[in-house]
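As provided, data_20.cif (mmCIF, C-alpha atoms; chains and numbers go by the auth columns) reads as follows.
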```cif
data_data
#
loop_
_atom_site.group_PDB
_atom_site.id
_atom_site.type_symbol
_atom_site.label_atom_id
_atom_site.label_comp_id
_atom_site.label_asym_id
_atom_site.label_seq_id
_atom_site.Cartn_x
_atom_site.Cartn_y
_atom_site.Cartn_z
_atom_site.B_iso_or_equiv
_atom_site.auth_seq_id
_atom_site.auth_asym_id
ATOM 1 C CA MET A 1 0.000 0.000 0.000 0.00 1 A
ATOM 2 C CA THR A 2 1.370 3.440 -0.900 0.00 2 A
ATOM 3 C CA LYS A 3 0.823 6.730 0.822 0.00 3 A
ATOM 4 C CA ALA A 4 -0.843 9.568 -1.038 0.00 4 A
ATOM 5 C CA HIS A 5 1.555 12.427 -1.686 0.00 5 A
ATOM 6 C CA THR A 6 0.312 15.829 -0.582 0.00 6 A
ATOM 7 C CA PRO A 7 2.195 18.621 -2.311 0.00 7 A
ATOM 8 C CA THR A 8 3.959 21.029 0.008 0.00 8 A
ATOM 9 C CA PRO A 9 2.694 24.602 -0.400 0.00 9 A
ATOM 10 C CA THR A 10 5.171 26.893 -2.098 0.00 10 A
ATOM 11 C CA SER A 11 5.165 30.556 -2.951 0.00 11 A
ATOM 12 C CA GLU A 12 3.694 29.538 -6.329 0.00 12 A
ATOM 13 C CA THR A 13 0.757 27.741 -4.707 0.00 13 A
ATOM 14 C CA PRO A 14 -2.220 30.126 -4.693 0.00 14 A
ATOM 15 C CA ILE A 15 -3.665 31.139 -1.340 0.00 15 A
ATOM 16 C CA ARG A 16 -7.377 30.585 -1.860 0.00 16 A
ATOM 17 C CA SER A 17 -8.640 30.424 1.716 0.00 17 A
ATOM 18 C CA LEU A 18 -7.899 31.393 5.280 0.00 18 A
ATOM 19 C CA GLU A 19 -6.679 27.842 5.891 0.00 19 A
ATOM 20 C CA ASP A 20 -4.252 28.209 2.965 0.00 20 A
ATOM 21 C CA ALA A 21 -2.938 31.408 4.559 0.00 21 A
ATOM 22 C CA TYR A 22 -2.400 29.610 7.884 0.00 22 A
ATOM 23 C CA GLU A 23 -0.639 26.763 6.093 0.00 23 A
ATOM 24 C CA ARG A 24 1.634 29.173 4.187 0.00 24 A
ATOM 25 C CA CYS A 25 2.610 30.856 7.474 0.00 25 A
ATOM 26 C CA GLN A 26 3.534 27.487 8.957 0.00 26 A
ATOM 27 C CA THR A 27 5.430 26.427 5.829 0.00 27 A
ATOM 28 C CA LEU A 28 7.455 29.647 6.004 0.00 28 A
ATOM 29 C CA GLY A 29 8.167 29.095 9.694 0.00 29 A
ATOM 30 C CA MET A 30 6.044 32.062 10.768 0.00 30 A
ATOM 31 C CA ARG A 31 4.443 31.751 14.181 0.00 31 A
ATOM 32 C CA LEU A 32 0.641 31.838 14.033 0.00 32 A
ATOM 33 C CA SER A 33 0.166 34.169 16.972 0.00 33 A
ATOM 34 C CA ARG A 34 -3.270 35.142 18.222 0.00 34 A
ATOM 35 C CA GLN A 35 -2.817 38.645 16.739 0.00 35 A
ATOM 36 C CA ARG A 36 -1.713 37.286 13.360 0.00 36 A
ATOM 37 C CA LYS A 37 -4.785 35.032 13.260 0.00 37 A
ATOM 38 C CA TYR A 38 -7.033 38.002 14.108 0.00 38 A
ATOM 39 C CA ILE A 39 -5.658 39.976 11.157 0.00 39 A
ATOM 40 C CA LEU A 40 -5.909 37.086 8.705 0.00 40 A
ATOM 41 C CA GLU A 41 -9.450 36.230 9.843 0.00 41 A
ATOM 42 C CA LEU A 42 -10.562 39.842 9.415 0.00 42 A
ATOM 43 C CA LEU A 43 -9.066 40.218 5.935 0.00 43 A
ATOM 44 C CA TRP A 44 -10.671 36.988 4.706 0.00 44 A
ATOM 45 C CA GLU A 45 -13.979 37.908 6.338 0.00 45 A
ATOM 46 C CA VAL A 46 -14.369 41.445 4.949 0.00 46 A
ATOM 47 C CA LYS A 47 -12.938 40.768 1.471 0.00 47 A
ATOM 48 C CA GLU A 48 -11.995 44.420 0.994 0.00 48 A
ATOM 49 C CA HIS A 49 -8.800 46.429 1.250 0.00 49 A
ATOM 50 C CA LEU A 50 -8.262 48.114 4.612 0.00 50 A
ATOM 51 C CA SER A 51 -5.673 50.452 6.067 0.00 51 A
ATOM 52 C CA ALA A 52 -3.707 49.424 9.138 0.00 52 A
ATOM 53 C CA ARG A 53 -5.790 51.886 11.169 0.00 53 A
ATOM 54 C CA GLU A 54 -9.055 50.385 9.877 0.00 54 A
ATOM 55 C CA ILE A 55 -7.803 46.900 10.740 0.00 55 A
ATOM 56 C CA TYR A 56 -6.840 48.066 14.239 0.00 56 A
ATOM 57 C CA ASP A 57 -10.212 49.795 14.742 0.00 57 A
ATOM 58 C CA ARG A 58 -12.283 46.857 13.501 0.00 58 A
ATOM 59 C CA LEU A 59 -10.410 44.313 15.600 0.00 59 A
ATOM 60 C CA ASN A 60 -10.790 46.447 18.713 0.00 60 A
ATOM 61 C CA GLN A 61 -14.507 46.954 17.969 0.00 61 A
ATOM 62 C CA GLN A 62 -14.770 43.147 17.943 0.00 62 A
ATOM 63 C CA GLY A 63 -13.160 43.064 21.389 0.00 63 A
ATOM 64 C CA LYS A 64 -9.856 41.650 20.119 0.00 64 A
ATOM 65 C CA ASP A 65 -6.855 42.659 22.212 0.00 65 A
ATOM 66 C CA ILE A 66 -4.265 43.966 19.754 0.00 66 A
ATOM 67 C CA GLY A 67 -2.115 47.086 19.731 0.00 67 A
ATOM 68 C CA HIS A 68 -1.190 49.480 16.913 0.00 68 A
ATOM 69 C CA THR A 69 2.406 48.273 16.788 0.00 69 A
ATOM 70 C CA SER A 70 1.350 44.637 16.591 0.00 70 A
ATOM 71 C CA VAL A 71 -1.009 45.405 13.687 0.00 71 A
ATOM 72 C CA TYR A 72 1.720 47.224 11.729 0.00 72 A
ATOM 73 C CA GLN A 73 4.376 44.572 12.419 0.00 73 A
ATOM 74 C CA ASN A 74 2.098 41.693 11.452 0.00 74 A
ATOM 75 C CA LEU A 75 0.889 43.421 8.287 0.00 75 A
ATOM 76 C CA GLU A 76 4.493 44.011 7.230 0.00 76 A
ATOM 77 C CA ALA A 77 5.475 40.398 7.944 0.00 77 A
ATOM 78 C CA LEU A 78 2.435 38.929 6.179 0.00 78 A
ATOM 79 C CA SER A 79 2.702 41.166 3.112 0.00 79 A
ATOM 80 C CA SER A 80 6.477 40.756 2.756 0.00 80 A
ATOM 81 C CA GLN A 81 5.978 36.969 2.653 0.00 81 A
ATOM 82 C CA GLY A 82 3.181 37.222 0.068 0.00 82 A
ATOM 83 C CA ILE A 83 0.459 35.944 2.387 0.00 83 A
ATOM 84 C CA ILE A 84 -1.621 39.115 2.082 0.00 84 A
ATOM 85 C CA GLU A 85 -1.456 41.829 -0.532 0.00 85 A
ATOM 86 C CA CYS A 86 -0.414 45.407 0.075 0.00 86 A
ATOM 87 C CA VAL A 87 -1.657 48.105 -2.291 0.00 87 A
ATOM 88 C CA GLU A 88 0.335 51.342 -2.237 0.00 88 A
ATOM 89 C CA ARG A 89 -1.723 54.518 -2.608 0.00 89 A
ATOM 90 C CA CYS A 90 -0.783 58.161 -2.344 0.00 90 A
ATOM 91 C CA ASP A 91 -2.601 58.343 1.013 0.00 91 A
ATOM 92 C CA GLY A 92 -1.077 55.163 2.446 0.00 92 A
ATOM 93 C CA ARG A 93 -1.128 51.397 2.180 0.00 93 A
ATOM 94 C CA LEU A 94 -4.163 49.172 2.036 0.00 94 A
ATOM 95 C CA TYR A 95 -4.098 45.466 2.840 0.00 95 A
ATOM 96 C CA GLY A 96 -6.289 42.634 1.638 0.00 96 A
ATOM 97 C CA HIS A 97 -6.433 38.893 1.308 0.00 97 A
ATOM 98 C CA ILE A 98 -4.827 37.397 -1.757 0.00 98 A
ATOM 99 C CA SER A 99 -7.020 35.758 -4.353 0.00 99 A
ATOM 100 C CA ASP A 100 -6.457 34.779 -7.951 0.00 100 A
ATOM 101 C CA ALA A 101 -4.538 37.163 -10.203 0.00 101 A
ATOM 102 C CA HIS A 102 -6.529 40.360 -10.602 0.00 102 A
ATOM 103 C CA SER A 103 -6.349 44.071 -11.285 0.00 103 A
ATOM 104 C CA HIS A 104 -7.485 46.924 -9.066 0.00 104 A
ATOM 105 C CA VAL A 105 -9.898 49.747 -9.816 0.00 105 A
ATOM 106 C CA ASN A 106 -10.089 52.738 -7.507 0.00 106 A
ATOM 107 C CA CYS A 107 -13.719 53.911 -7.148 0.00 107 A
ATOM 108 C CA LEU A 108 -13.718 57.714 -7.073 0.00 108 A
ATOM 109 C CA ASP A 109 -17.131 57.871 -5.366 0.00 109 A
ATOM 110 C CA THR A 110 -16.370 55.565 -2.427 0.00 110 A
ATOM 111 C CA ASP A 111 -12.541 55.695 -2.484 0.00 111 A
ATOM 112 C CA GLN A 112 -12.525 51.895 -2.254 0.00 112 A
ATOM 113 C CA ILE A 113 -10.262 49.594 -4.200 0.00 113 A
ATOM 114 C CA ILE A 114 -12.213 46.977 -6.106 0.00 114 A
ATOM 115 C CA ASP A 115 -10.692 43.715 -7.329 0.00 115 A
ATOM 116 C CA VAL A 116 -11.397 43.165 -11.014 0.00 116 A
ATOM 117 C CA HIS A 117 -10.901 39.665 -12.372 0.00 117 A
ATOM 118 C CA ILE A 118 -10.060 40.290 -16.003 0.00 118 A
ATOM 119 C CA GLU A 119 -7.013 39.534 -18.062 0.00 119 A
ATOM 120 C CA LEU A 120 -5.584 42.687 -19.586 0.00 120 A
ATOM 121 C CA PRO A 121 -3.954 42.562 -23.012 0.00 121 A
ATOM 122 C CA PRO A 122 -0.127 42.475 -22.830 0.00 122 A
ATOM 123 C CA GLU A 123 0.228 45.886 -24.534 0.00 123 A
ATOM 124 C CA ILE A 124 -1.912 47.535 -21.846 0.00 124 A
ATOM 125 C CA LEU A 125 -0.026 45.748 -19.062 0.00 125 A
ATOM 126 C CA ALA A 126 3.251 46.990 -20.541 0.00 126 A
ATOM 127 C CA GLN A 127 1.965 50.587 -20.483 0.00 127 A
ATOM 128 C CA VAL A 128 0.691 50.301 -16.917 0.00 128 A
ATOM 129 C CA GLU A 129 3.925 48.750 -15.656 0.00 129 A
ATOM 130 C CA ALA A 130 6.098 51.359 -17.400 0.00 130 A
#
```

Let me see whether you can do it: turn the structure in this file into structure tokens.
Amino acid sequence: MTKAHTPTPTSETPIRSLEDAYERCQTLGMRLSRQRKYILELLWEVKEHLSAREIYDRLNQQGKDIGHTSVYQNLEALSSQGIIECVERCDGRLYGHISDAHSHVNCLDTDQIIDVHIELPPEILAQVEA
């Protein structure tokens, strides 16, 4: 009888769920602290891009014990390892859960960033990336 082989998650393996995010943390040797779990749970729950301040405020409104410094440090660690995404804007950074490859649209009415799941033609991508 042979054992089934379960592939080990790599940086190329998409993070499609909160459980995938936890697994990626463990694979990378990152401790899954209570605060880190709070942040990941919130980002997968709300499915929108939030600033560090919004994350701090929402977690504290939920009665979660987490400080400003802990929020910033965990967001930096999670985004630098590719577990969450960080979107740079002129007024600061926004963080969100990672899903399939997508583009972002900034809504001028609500000032929210919206994930758009379309594949842009290579010539447009080249102009945007330039």

Residues within 8 Å of Ile39 (chain A), all atoms listed in the file, excluding chain neighbours under 5 positions, as an mmCIF file with C-alpha atoms, in the coordinates of the input:
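Written output follows (result.cif):
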```cif
data_model
loop_
_atom_site.group_PDB
_atom_site.id
_atom_site.type_symbol
_atom_site.label_atom_id
_atom_site.label_comp_id
_atom_site.auth_asym_id
_atom_site.auth_seq_id
_atom_site.Cartn_x
_atom_site.Cartn_y
_atom_site.Cartn_z
ATOM 1 C CA ILE A 55 -7.803 46.900 10.740
ATOM 2 C CA LEU A 59 -10.410 44.313 15.600
ATOM 3 C CA VAL A 71 -1.009 45.405 13.687
ATOM 4 C CA ASN A 74 2.098 41.693 11.452
ATOM 5 C CA LEU A 75 0.889 43.421 8.287
#
```

Run the PyMOL selection byres ((chain A and resi 69) around 12) against the file shown and list the residues it catches, as a PDB file with C-alpha atoms, in the frame of the given file.
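Output file expr-v9.pdb is given in full below:
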```pdb
ATOM      1  CA  GLN A  35      -2.817  38.645  16.739  1.00  0.00           C
ATOM      2  CA  ALA A  52      -3.707  49.424   9.138  1.00  0.00           C
ATOM      3  CA  ARG A  53      -5.790  51.886  11.169  1.00  0.00           C
ATOM      4  CA  ILE A  55      -7.803  46.900  10.740  1.00  0.00           C
ATOM      5  CA  TYR A  56      -6.840  48.066  14.239  1.00  0.00           C
ATOM      6  CA  ILE A  66      -4.265  43.966  19.754  1.00  0.00           C
ATOM      7  CA  GLY A  67      -2.115  47.086  19.731  1.00  0.00           C
ATOM      8  CA  HIS A  68      -1.190  49.480  16.913  1.00  0.00           C
ATOM      9  CA  SER A  70       1.350  44.637  16.591  1.00  0.00           C
ATOM     10  CA  VAL A  71      -1.009  45.405  13.687  1.00  0.00           C
ATOM     11  CA  TYR A  72       1.720  47.224  11.729  1.00  0.00           C
ATOM     12  CA  GLN A  73       4.376  44.572  12.419  1.00  0.00           C
ATOM     13  CA  ASN A  74       2.098  41.693  11.452  1.00  0.00           C
ATOM     14  CA  LEU A  75       0.889  43.421   8.287  1.00  0.00           C
ATOM     15  CA  GLU A  76       4.493  44.011   7.230  1.00  0.00           C
TER      16      GLU A  76
END
```

So which one's closest to Cys25 (chain A), A:Arg58, A:Glu88, A:Ala126, A:Ser79? Using all atoms listed in the file, please.
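Between A:Arg58, A:Glu88, A:Ala126, A:Ser79, the residue approaching Cys25 (chain A) most closely is A:Ser79.
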
Neighbourhood query: residues within 12 Å of (-8.2, 33.1, -0.5), file coordinates, counting all atoms listed in the file; return as a VMD selection string.
chain A and resid 13 to 24 40 to 41 43 to 47 83 to 85 96 to 101

Output as AutoDock Vina command-line options the centre and edge lengths (Å, one decimal) of the box along x, y and z of the file that holds every listed atom of region 81-86 of chain A after adding 6 Å on each side.
```
--center_x 2.2 --center_y 40.7 --center_z 1.1 --size_x 19.6 --size_y 21.5 --size_z 15.2
```

Could you expand the PyMOL selection byres ((chain A and resi 95) around 7) into the explicit residues it covers here, written as a PyMOL selection string?
chain A and resi 49-51+84-87+93-94+96

One decimal, Å: what's the distance from CA of Gly63 (chain A) over to CA of Leu78 (chain A), could you say?
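Distance reported for this atom pair: 22.2 Å.
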
Quote the spacing between CA of Arg89 (chain A) and CA of Gly29 (chain A) in Å to one decimal place.
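Result for CA of Arg89 (chain A) versus CA of Gly29 (chain A): 29.9 Å, one decimal.
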